[in-house]
Amino acid sequence: PYRNETHDADKFSQDSGPTSEKVPSPWERRSEIGLWRSIYDTARHVMMHPERFFRTIDIRKEMNEPLAFGVLFASIGGMFTFFWQLILFSGSMFFSSLSLFSGFGTSILFMIFLLGFPLLITINLFITSGILHLSLKILRAAGMGFHATFRVITYSQATQLIGLIPLLGGIFGT
């Protein structure tokens, strides 16, 4: 429904009560507004105005789009966190102390990490969402279903961009 940043920003800054119109997240409209704009707008809204963002987005049962966003951002943040730790511990010095990794070179470990990380992130997003949703059910606060909890967890992965900051970014981004 919104084709430029002004309208998109205006929509997400309105007071969104229970009768307000719900809109897809910018990420879910990337075919309309473009990939880079959708990434930027979604991350900006999640990090700068999370309450308004989550109150305004359309909570549908479809989970592929939020999962893709969550895996993308958690992968980027996690890889940069790993990169900074690798530099800090001089790579081979850190891994050579672990007998499990003693036969692998740093580049091979990095490739295993690069390929396996998205799968581990996907599993982690579902487990985290499940635990949080169960906790919300116990507290009688899970009125919108698992898919809503999953959307919050996956879109919240935008904070993983803080992992770009050397050393402390990974700590503050989680």
# chains A, B, ... in the order shown; residues from 1 in each chain; ligands from 1
$ residues_around --residues "Ala43 (chain A)" --least-positions-apart "3" --cutoff "12 Å" --atoms "only C-alpha atoms" --output "list in words"
Ser25, Pro26, Trp27, Trp36, Arg37, Ser38, Ile39, Tyr40, Val46, Met47, Met48, His49, Pro50, Phe53, Phe69, Gly70, Leu72, Phe73, Thr154, Tyr155, Ser156, Gln157, Ala158, Thr159, Gln160, Leu161 and Ile162 of chain A
$ write_last_selection --atoms "C-alpha atoms" --output "JSON list (two decimals), in the first residue's frame"
[["chain", "number", "residue", "atom", "x", "y", "z"],
["A", 25, "SER", "CA", 6.17, -5.19, 7.01],
["A", 26, "PRO", "CA", 8.45, -3.42, 4.52],
["A", 27, "TRP", "CA", 10.35, -6.71, 4.19],
["A", 36, "TRP", "CA", 17.58, -2.73, -0.13],
["A", 37, "ARG", "CA", 14.83, -0.27, 0.84],
["A", 38, "SER", "CA", 12.80, -3.07, 2.47],
["A", 39, "ILE", "CA", 15.82, -4.27, 4.45],
["A", 40, "TYR", "CA", 16.65, -0.74, 5.57],
["A", 46, "VAL", "CA", 12.37, -2.60, 14.44],
["A", 47, "MET", "CA", 15.32, -0.89, 16.11],
["A", 48, "MET", "CA", 13.99, 2.66, 16.41],
["A", 49, "HIS", "CA", 10.24, 2.11, 17.01],
["A", 50, "PRO", "CA", 9.70, -1.56, 17.94],
["A", 53, "PHE", "CA", 6.31, -1.64, 14.33],
["A", 69, "PHE", "CA", 14.42, -11.93, 7.48],
["A", 70, "GLY", "CA", 15.43, -13.49, 10.81],
["A", 72, "LEU", "CA", 19.43, -13.11, 7.11],
["A", 73, "PHE", "CA", 20.00, -10.73, 10.01],
["A", 154, "THR", "CA", 12.36, -13.22, 13.74],
["A", 155, "TYR", "CA", 11.95, -9.50, 13.06],
["A", 156, "SER", "CA", 13.79, -8.74, 16.31],
["A", 157, "GLN", "CA", 16.87, -10.26, 14.73],
["A", 158, "ALA", "CA", 17.43, -6.84, 13.13],
["A", 159, "THR", "CA", 19.28, -5.96, 16.33],
["A", 160, "GLN", "CA", 21.98, -8.43, 15.28],
["A", 161, "LEU", "CA", 23.38, -5.67, 13.07],
["A", 162, "ILE", "CA", 25.02, -4.38, 16.21]]
$ residues_around --residues "Trp84 (chain A)" --least-positions-apart "2" --cutoff "9 Å" --atoms "only C-alpha atoms" --output "tab-separated table (two decimals) with N, CA and C atoms, in the first residue's frame"
chain	number	residue	atom	x	y	z
A	79	MET	N	27.92	-13.90	11.96
A	79	MET	CA	29.17	-14.05	11.22
A	79	MET	C	30.16	-12.93	11.57
A	80	PHE	N	29.66	-11.73	11.74
A	80	PHE	CA	30.56	-10.64	12.14
A	80	PHE	C	31.05	-10.84	13.57
A	81	THR	N	30.20	-11.32	14.44
A	81	THR	CA	30.62	-11.61	15.81
A	81	THR	C	31.71	-12.68	15.79
A	82	PHE	N	31.49	-13.73	15.01
A	82	PHE	CA	32.48	-14.80	14.85
A	82	PHE	C	33.77	-14.25	14.28
A	86	LEU	N	37.35	-14.35	15.98
A	86	LEU	CA	38.43	-15.02	15.28
A	86	LEU	C	39.67	-14.14	15.26
A	87	ILE	N	39.48	-12.87	14.99
A	87	ILE	CA	40.60	-11.93	14.99
A	87	ILE	C	41.16	-11.77	16.40
A	88	LEU	N	40.28	-11.65	17.37
A	88	LEU	CA	40.72	-11.47	18.75
A	88	LEU	C	41.56	-12.65	19.23
A	89	PHE	N	41.14	-13.84	18.93
A	89	PHE	CA	41.85	-15.03	19.40
A	89	PHE	C	42.84	-15.57	18.36
A	163	GLY	N	26.17	-6.51	15.86
A	163	GLY	CA	27.31	-7.41	15.81
A	163	GLY	C	28.41	-6.92	14.87
A	164	LEU	N	28.12	-5.93	14.03
A	164	LEU	CA	29.13	-5.35	13.16
A	164	LEU	C	30.16	-4.57	13.95
A	165	ILE	N	29.81	-4.15	15.15
A	165	ILE	CA	30.73	-3.40	15.99
A	165	ILE	C	31.73	-4.39	16.59
A	166	PRO	N	33.01	-4.13	16.42
A	166	PRO	CA	34.02	-5.07	16.92
A	166	PRO	C	33.89	-5.36	18.41
A	167	LEU	N	34.05	-6.62	18.75
A	167	LEU	CA	34.11	-7.17	20.10
A	167	LEU	C	32.83	-7.08	20.90
$ select_by_dssp --residues "region 31-123 of chain A" --states "helix (DSSP H, G or I)" --output "PyMOL selection string"
chain A and resi 31-33+35-48+50-56+64-88+92-96+99-101+106-123
$ closest_residue --among "A:Ile108, A:Ala68, A:Ile121, A:Ala148" --to "His133 (chain A)" --atoms "only C-alpha atoms"
A:Ala148
$ closest_residue --among "A:Lys22, A:Thr122, A:Leu115, A:Phe83" --to "Asn64 (chain A)" --atoms "only C-alpha atoms"
A:Thr122
$ atom_distance --atom1 "CA of Glu28 (chain A)" --atom2 "CA of Ile123 (chain A)"
21.6 Å
$ atom_distance --atom1 "CA of Met144 (chain A)" --atom2 "CA of Phe54 (chain A)"
12.1 Å
$ closest_residue --among "A:Leu120, A:Leu132, A:Leu139, A:Ile153" --to "Gly78 (chain A)" --atoms "only C-alpha atoms"
A:Leu120
